[in-house]
$ cat query30.cif   # mmCIF, C-alpha atoms
data_data
loop_
_atom_site.label_atom_id
_atom_site.label_comp_id
_atom_site.auth_asym_id
_atom_site.auth_seq_id
_atom_site.Cartn_x
_atom_site.Cartn_y
_atom_site.Cartn_z
CA MET A 1 -3.86 19.20 4.59
CA LYS A 2 -3.54 18.16 8.20
CA GLU A 3 -0.25 16.80 9.45
CA LEU A 4 -0.03 13.03 9.06
CA LYS A 5 1.54 11.31 12.07
CA ARG A 6 0.92 7.73 10.97
CA ILE A 7 0.51 6.58 7.37
CA MET A 8 -0.24 3.43 5.44
CA LEU A 9 1.68 3.30 2.16
CA LYS A 10 0.47 0.89 -0.55
CA LEU A 11 2.82 -0.17 -3.33
CA SER A 12 1.87 -2.38 -6.25
CA GLY A 13 3.96 -5.42 -6.93
CA GLU A 14 4.21 -4.34 -10.56
CA ALA A 15 5.95 -1.15 -9.44
CA LEU A 16 8.82 -3.29 -8.16
CA ALA A 17 9.22 -5.26 -11.37
CA LYS A 18 11.96 -4.86 -13.92
CA VAL A 19 11.32 -5.27 -17.62
CA GLY A 20 12.39 -8.78 -18.51
CA GLY A 21 11.92 -10.11 -14.98
CA GLY A 22 13.31 -9.63 -11.51
CA TYR A 23 13.19 -6.59 -9.26
CA ASN A 24 13.77 -2.97 -10.21
CA GLU A 25 16.39 -2.25 -7.57
CA GLU A 26 16.79 1.40 -8.62
CA GLU A 27 13.07 2.03 -8.03
CA ILE A 28 13.14 0.23 -4.68
CA ARG A 29 16.12 2.31 -3.55
CA SER A 30 14.23 5.46 -4.52
CA ILE A 31 11.22 4.33 -2.50
CA ALA A 32 13.43 3.55 0.50
CA SER A 33 15.19 6.93 0.34
CA GLN A 34 11.87 8.80 0.21
CA VAL A 35 10.41 6.81 3.09
CA LYS A 36 13.60 7.51 5.08
CA VAL A 37 12.89 11.25 4.79
CA LEU A 38 9.41 10.79 6.27
CA HIS A 39 10.72 8.38 8.88
CA ASP A 40 13.37 10.85 10.01
CA GLN A 41 10.64 13.46 10.42
CA GLY A 42 9.00 11.21 13.00
CA THR A 43 6.22 9.75 10.89
CA ASP A 44 5.01 6.23 11.74
CA ILE A 45 5.02 4.23 8.50
CA ALA A 46 3.31 0.97 7.59
CA ILE A 47 3.57 -0.57 4.13
CA VAL A 48 1.50 -3.06 2.16
CA ILE A 49 2.88 -4.41 -1.12
CA GLY A 50 0.93 -6.29 -3.76
CA GLY A 51 2.19 -9.51 -5.33
CA GLY A 52 1.37 -8.85 -8.98
CA ASN A 53 5.00 -8.96 -10.11
CA ILE A 54 5.08 -12.63 -9.06
CA TRP A 55 1.52 -13.92 -9.28
CA ARG A 56 -1.50 -12.49 -11.07
CA GLY A 57 -4.15 -15.06 -10.16
CA ARG A 58 -5.60 -17.85 -12.21
CA THR A 59 -5.14 -16.48 -15.72
CA GLY A 60 -4.67 -19.45 -18.01
CA VAL A 61 -4.27 -21.85 -15.11
CA GLU A 62 -6.72 -24.47 -13.87
CA ILE A 63 -6.43 -23.81 -10.17
CA ASP A 64 -8.85 -23.42 -7.29
CA ARG A 65 -9.46 -19.77 -6.25
CA PRO A 66 -8.44 -20.25 -2.58
CA LYS A 67 -5.21 -21.95 -3.71
CA SER A 68 -4.55 -19.15 -6.19
CA ASP A 69 -5.09 -16.53 -3.49
CA SER A 70 -2.76 -18.44 -1.16
CA ILE A 71 -0.01 -18.19 -3.77
CA GLY A 72 -0.70 -14.46 -4.02
CA MET A 73 -0.38 -14.06 -0.26
CA LEU A 74 3.00 -15.79 -0.33
CA ALA A 75 4.09 -13.50 -3.17
CA THR A 76 3.40 -10.44 -1.01
CA ILE A 77 5.54 -11.93 1.76
CA MET A 78 8.45 -12.42 -0.62
CA ASN A 79 8.12 -8.83 -1.80
CA CYS A 80 7.97 -7.41 1.71
CA ILE A 81 10.99 -9.37 2.92
CA TYR A 82 12.97 -8.26 -0.13
CA VAL A 83 12.01 -4.59 0.04
CA SER A 84 12.48 -4.43 3.81
CA GLU A 85 16.14 -5.30 3.32
CA PHE A 86 16.60 -2.20 1.14
CA PHE A 87 15.01 -0.18 3.92
CA ARG A 88 17.43 -1.62 6.44
CA TYR A 89 20.40 -0.72 4.25
CA ALA A 90 18.95 2.80 4.01
CA GLY A 91 19.17 3.07 7.78
CA MET A 92 15.70 2.07 8.99
CA LYS A 93 14.70 -0.71 11.37
CA THR A 94 11.95 -2.88 9.93
CA CYS A 95 9.60 -5.71 10.80
CA VAL A 96 7.51 -7.87 8.47
CA MET A 97 4.21 -8.94 10.03
CA THR A 98 1.77 -11.51 8.65
CA PRO A 99 -1.71 -12.70 9.71
CA PHE A 100 -0.41 -16.28 10.04
CA THR A 101 2.72 -18.01 11.27
CA CYS A 102 5.48 -18.03 8.67
CA SER A 103 8.31 -19.77 10.51
CA THR A 104 10.91 -17.24 11.68
CA PHE A 105 10.66 -15.15 8.50
CA THR A 106 7.91 -12.88 9.87
CA GLU A 107 6.00 -12.06 13.04
CA VAL A 108 2.29 -12.62 13.52
CA PHE A 109 0.39 -9.33 13.41
CA SER A 110 -1.13 -7.84 16.52
CA LYS A 111 -2.12 -4.23 17.05
CA ASP A 112 -0.35 -4.03 20.41
CA LYS A 113 2.89 -5.38 18.95
CA ALA A 114 2.62 -3.02 15.97
CA ASN A 115 2.23 -0.02 18.28
CA GLU A 116 5.20 -1.20 20.31
CA TYR A 117 7.32 -1.36 17.17
CA PHE A 118 6.18 2.09 16.06
CA GLU A 119 7.38 3.41 19.41
CA GLN A 120 10.75 1.80 18.66
CA GLY A 121 10.90 3.66 15.36
CA LYS A 122 10.43 0.66 13.10
CA VAL A 123 8.87 0.69 9.64
CA LEU A 124 6.28 -2.09 9.49
CA PHE A 125 5.51 -4.23 6.46
CA PHE A 126 2.13 -5.95 6.55
CA ALA A 127 2.42 -8.99 4.28
CA GLY A 128 0.24 -11.99 3.55
CA GLY A 129 -2.94 -10.04 2.85
CA THR A 130 -5.76 -10.69 5.32
CA GLY A 131 -4.77 -14.34 5.55
CA HIS A 132 -7.96 -15.39 3.78
CA PRO A 133 -8.90 -16.01 0.13
CA TYR A 134 -11.27 -13.71 -1.78
CA PHE A 135 -9.75 -10.59 -0.17
CA SER A 136 -7.32 -8.42 -2.11
CA THR A 137 -4.29 -6.53 -0.85
CA ASP A 138 -6.52 -3.43 -1.11
CA MET A 139 -8.67 -4.93 1.62
CA ALA A 140 -5.60 -5.82 3.67
CA MET A 141 -4.34 -2.25 3.26
CA VAL A 142 -7.59 -0.72 4.52
CA LEU A 143 -8.06 -3.25 7.31
CA ARG A 144 -4.59 -2.74 8.74
CA ALA A 145 -4.80 1.05 8.32
CA ILE A 146 -7.97 1.04 10.42
CA GLU A 147 -6.50 -1.33 13.01
CA ILE A 148 -3.39 0.78 13.57
CA ASN A 149 -5.35 4.06 13.54
CA ALA A 150 -3.51 5.44 10.53
CA ASP A 151 -4.26 9.06 9.63
CA CYS A 152 -4.35 8.32 5.90
CA ILE A 153 -3.74 5.71 3.23
CA LEU A 154 -1.21 6.72 0.56
CA ALA A 155 -1.67 4.62 -2.56
CA ALA A 156 1.14 4.83 -5.10
CA LYS A 157 -0.19 4.05 -8.57
CA SER A 158 1.06 3.94 -12.15
CA ILE A 159 -1.01 7.08 -12.97
CA ASP A 160 -1.22 10.37 -11.10
CA GLY A 161 -4.71 10.10 -9.67
CA VAL A 162 -8.32 9.23 -10.42
CA TYR A 163 -9.88 10.14 -13.79
CA ASP A 164 -13.45 10.11 -15.09
CA SER A 165 -12.29 7.79 -17.89
CA ASP A 166 -9.14 5.99 -18.93
CA PRO A 167 -6.51 8.67 -19.75
CA ALA A 168 -4.61 6.09 -21.81
CA THR A 169 -7.46 5.93 -24.32
CA ASN A 170 -9.19 9.27 -23.79
CA PRO A 171 -6.96 12.36 -24.17
CA ASN A 172 -9.80 14.47 -22.72
CA ALA A 173 -10.10 12.44 -19.55
CA LYS A 174 -10.65 14.66 -16.50
CA LYS A 175 -8.59 14.19 -13.39
CA PHE A 176 -10.25 14.64 -10.01
CA ASP A 177 -8.30 16.65 -7.43
CA THR A 178 -10.69 15.54 -4.71
CA LEU A 179 -13.46 12.98 -4.42
CA SER A 180 -15.53 11.84 -1.48
CA ILE A 181 -15.43 8.18 -0.53
CA ASP A 182 -19.23 8.20 -0.88
CA GLU A 183 -18.85 9.19 -4.56
CA VAL A 184 -16.28 6.46 -5.07
CA VAL A 185 -18.65 3.83 -3.69
CA GLU A 186 -21.79 5.21 -5.34
CA LYS A 187 -20.18 5.44 -8.79
CA LYS A 188 -18.18 2.23 -8.28
CA LEU A 189 -15.01 4.01 -9.33
CA GLN A 190 -12.10 1.62 -9.59
CA VAL A 191 -9.91 3.50 -7.13
CA ILE A 192 -9.43 0.36 -5.07
CA ASP A 193 -11.69 -2.68 -5.05
CA LEU A 194 -15.28 -1.99 -4.03
CA ALA A 195 -15.27 -3.98 -0.79
CA ALA A 196 -12.19 -2.07 0.39
CA SER A 197 -13.81 1.25 -0.60
CA ILE A 198 -16.89 0.40 1.46
CA LEU A 199 -14.68 -0.45 4.46
CA CYS A 200 -12.98 2.96 4.04
CA MET A 201 -16.38 4.66 3.91
CA GLU A 202 -17.72 2.87 6.98
CA ASN A 203 -14.60 3.68 9.01
CA ARG A 204 -13.94 7.17 7.61
CA MET A 205 -10.45 6.36 6.38
CA PRO A 206 -9.14 8.98 3.89
CA MET A 207 -6.86 8.15 0.97
CA ARG A 208 -4.49 9.94 -1.33
CA LEU A 209 -3.70 8.41 -4.71
CA PHE A 210 -0.69 9.51 -6.73
CA SER A 211 1.86 8.40 -9.29
CA LEU A 212 4.82 6.51 -7.89
CA TYR A 213 6.88 7.65 -10.88
CA GLU A 214 6.68 11.40 -10.21
CA GLU A 215 9.91 12.61 -8.63
CA ASN A 216 9.72 12.48 -4.82
CA SER A 217 6.01 11.64 -5.04
CA ILE A 218 5.96 9.74 -1.74
CA ILE A 219 7.42 12.74 0.10
CA LYS A 220 5.02 15.09 -1.69
CA SER A 221 2.05 12.89 -0.80
CA VAL A 222 2.11 14.09 2.80
CA GLY A 223 2.63 17.78 2.03
CA ASP A 224 1.01 20.79 0.41
CA ASP A 225 2.59 20.02 -2.98
CA PHE A 226 0.63 16.77 -3.30
CA ASN A 227 -0.29 16.26 -6.95
CA GLY A 228 -2.71 13.33 -6.95
CA THR A 229 -6.34 12.73 -6.01
CA GLU A 230 -7.49 13.06 -2.41
CA ILE A 231 -10.36 10.82 -1.28
CA THR A 232 -12.15 12.60 1.54
CA VAL A 233 -14.43 11.19 4.21
#
$ encode --input "query30.cif" --output "structure tokens"
Amino acid sequence: MKELKRIMLKLSGEALAKVGGGYNEEEIRSIASQVKVLHDQGTDIAIVIGGGNIWRGRTGVEIDRPKSDSIGMLATIMNCIYVSEFFRYAGMKTCVMTPFTCSTFTEVFSKDKANEYFEQGKVLFFAGGTGHPYFSTDMAMVLRAIEINADCILAAKSIDGVYDSDPATNPNAKKFDTLSIDEVVEKKLQVIDLAASILCMENRMPMRLFSLYEENSIIKSVGDDFNGTEITV
């Protein structure tokens, strides 16, 4: 694996949740401590966090899709502000950037400003999705990774990679060590949403998918002991 100088890390909102409600502070501290190791090695780090621990769309609710997606965008902002504080206490400087004005809570995203903050050694949180309905945080993750010229997307999941079938229901499910992004799109594998996969393919953005719950999995995701699925371009 080539050395990764700048990475985009994607965390699911569900990964931050605690059984019974609230945030899993122990898990967030673990994430912060692992990211600190990479940060201290000189890696530029951007982070996108989903909002699923707060809002999961229109299930059971009579609400317009754009309004539902707006709530989801706000959920990601809450998550990023919260998690960024753990990063600050771990000794990192952070900035939360959004695609729209959000009072003084965040800064509006621009590539030039993001690069300036990377030079200052800050960890950047890209919240608020793309700023538009009908686009997932997967799309926001890929879009921002391309805009900041990230070397790779690191997607922390609840399972340790991509399988040919659901390992929860099929004990013989086969895990892929590597897949091409063309295969992902052609077979419509649910690695990330299809539109985001196509954007990765068109812009030759590689990904690595791994389990967040493996010990030191974020640190391992940039090294030779990576234990997930690599999506090549």
$ atom_distance --input "query30.cif" --atom1 "atom CA of A:Gly91" --atom2 "atom CA of A:Leu74"
26.1 Å
$ resolve_selection --input "query30.cif" --expression "the PyMOL selection byres ((chain A and resi 93) around 9)" --output "ChimeraX atom specification"
/A:84,87-88,91-92,94-95,120-124
$ resolve_selection --input "query30.cif" --expression "the PyMOL selection byres ((chain A and resi 32-36) around 10)" --output "ChimeraX atom specification"
/A:9,26-31,37-43,45,83-92,123,215-220
$ atom_distance --input "query30.cif" --atom1 "atom CA of A:Phe100" --atom2 "atom CA of A:Thr76"
13.1 Å
$ closest_residue --input "query30.cif" --among "A:Ala140, A:Ile153, A:Met78, A:Ile198" --to "A:Pro99" --atoms "all atoms listed in the file"
A:Ala140
$ resolve_selection --input "query30.cif" --expression "the PyMOL selection byres ((chain A and resi 228-232) around 8)" --output "PyMOL selection string"
chain A and resi 160-162+175-181+206-211+221+226-227+233
$ closest_residue --input "query30.cif" --among "A:Asp224, A:Thr98, A:Pro66, A:Gly50" --to "A:Lys2" --atoms "only C-alpha atoms"
A:Asp224
$ atom_distance --input "query30.cif" --atom1 "atom CA of A:Ile159" --atom2 "atom CA of A:Ser12"
12.0 Å
$ build_atoms --input "query30.cif" --residues "stretch 57-92 of chain A" --atoms "N, CA and C atoms" --output "compact mmCIF listing (two decimals), in the coordinates of the input"
# COMPACT_ATOMS: atom_id res chain seq x y z
N GLY A 57 -2.90 -14.31 -10.23
CA GLY A 57 -4.15 -15.06 -10.16
C GLY A 57 -4.19 -16.23 -11.12
N ARG A 58 -5.38 -16.58 -11.53
CA ARG A 58 -5.60 -17.85 -12.21
C ARG A 58 -5.60 -17.75 -13.72
N THR A 59 -5.11 -16.67 -14.27
CA THR A 59 -5.14 -16.48 -15.72
C THR A 59 -4.45 -17.64 -16.44
N GLY A 60 -5.23 -18.36 -17.22
CA GLY A 60 -4.67 -19.45 -18.01
C GLY A 60 -4.29 -20.68 -17.23
N VAL A 61 -4.67 -20.73 -15.95
CA VAL A 61 -4.27 -21.85 -15.11
C VAL A 61 -5.51 -22.46 -14.46
N GLU A 62 -5.62 -23.78 -14.52
CA GLU A 62 -6.72 -24.47 -13.87
C GLU A 62 -6.35 -24.67 -12.41
N ILE A 63 -6.78 -23.74 -11.58
CA ILE A 63 -6.43 -23.81 -10.17
C ILE A 63 -7.57 -23.25 -9.34
N ASP A 64 -7.79 -23.84 -8.18
CA ASP A 64 -8.85 -23.42 -7.29
C ASP A 64 -8.59 -22.00 -6.78
N ARG A 65 -9.64 -21.17 -6.67
CA ARG A 65 -9.46 -19.77 -6.25
C ARG A 65 -8.76 -19.65 -4.89
N PRO A 66 -9.17 -20.38 -3.85
CA PRO A 66 -8.44 -20.25 -2.58
C PRO A 66 -6.95 -20.59 -2.70
N LYS A 67 -6.63 -21.60 -3.52
CA LYS A 67 -5.21 -21.95 -3.71
C LYS A 67 -4.49 -20.83 -4.44
N SER A 68 -5.15 -20.26 -5.45
CA SER A 68 -4.55 -19.15 -6.19
C SER A 68 -4.29 -17.96 -5.26
N ASP A 69 -5.26 -17.65 -4.41
CA ASP A 69 -5.09 -16.53 -3.49
C ASP A 69 -3.99 -16.81 -2.47
N SER A 70 -3.85 -18.08 -2.08
CA SER A 70 -2.76 -18.44 -1.16
C SER A 70 -1.40 -18.16 -1.78
N ILE A 71 -1.27 -18.48 -3.07
CA ILE A 71 -0.01 -18.19 -3.77
C ILE A 71 0.24 -16.68 -3.79
N GLY A 72 -0.83 -15.91 -4.03
CA GLY A 72 -0.70 -14.46 -4.02
C GLY A 72 -0.25 -13.92 -2.68
N MET A 73 -0.79 -14.49 -1.59
CA MET A 73 -0.38 -14.06 -0.26
C MET A 73 1.11 -14.31 -0.04
N LEU A 74 1.58 -15.47 -0.47
CA LEU A 74 3.00 -15.79 -0.33
C LEU A 74 3.86 -14.85 -1.17
N ALA A 75 3.35 -14.45 -2.33
CA ALA A 75 4.09 -13.50 -3.17
C ALA A 75 4.29 -12.17 -2.45
N THR A 76 3.26 -11.71 -1.73
CA THR A 76 3.40 -10.44 -1.01
C THR A 76 4.43 -10.56 0.11
N ILE A 77 4.54 -11.73 0.71
CA ILE A 77 5.54 -11.93 1.76
C ILE A 77 6.94 -11.86 1.17
N MET A 78 7.14 -12.50 0.04
CA MET A 78 8.45 -12.42 -0.62
C MET A 78 8.81 -10.98 -0.94
N ASN A 79 7.86 -10.23 -1.47
CA ASN A 79 8.12 -8.83 -1.80
C ASN A 79 8.48 -8.01 -0.57
N CYS A 80 7.73 -8.21 0.50
CA CYS A 80 7.97 -7.41 1.71
C CYS A 80 9.33 -7.73 2.34
N ILE A 81 9.69 -9.00 2.37
CA ILE A 81 10.99 -9.37 2.92
C ILE A 81 12.10 -8.74 2.08
N TYR A 82 11.95 -8.81 0.78
CA TYR A 82 12.97 -8.26 -0.13
C TYR A 82 13.10 -6.75 0.04
N VAL A 83 11.98 -6.05 -0.03
CA VAL A 83 12.01 -4.59 0.04
C VAL A 83 12.48 -4.12 1.42
N SER A 84 12.08 -4.84 2.46
CA SER A 84 12.48 -4.43 3.81
C SER A 84 13.99 -4.43 3.98
N GLU A 85 14.69 -5.29 3.23
CA GLU A 85 16.14 -5.30 3.32
C GLU A 85 16.75 -4.02 2.74
N PHE A 86 16.16 -3.48 1.68
CA PHE A 86 16.60 -2.20 1.14
C PHE A 86 16.38 -1.08 2.16
N PHE A 87 15.29 -1.17 2.88
CA PHE A 87 15.01 -0.18 3.92
C PHE A 87 16.05 -0.26 5.04
N ARG A 88 16.42 -1.45 5.39
CA ARG A 88 17.43 -1.62 6.44
C ARG A 88 18.77 -1.04 6.01
N TYR A 89 19.14 -1.28 4.76
CA TYR A 89 20.40 -0.72 4.25
C TYR A 89 20.33 0.80 4.14
N ALA A 90 19.12 1.34 4.04
CA ALA A 90 18.95 2.80 4.01
C ALA A 90 18.95 3.41 5.41
N GLY A 91 19.04 2.56 6.42
CA GLY A 91 19.17 3.07 7.78
C GLY A 91 17.92 3.00 8.64
N MET A 92 16.94 2.20 8.22
CA MET A 92 15.70 2.07 8.99
C MET A 92 15.59 0.67 9.59
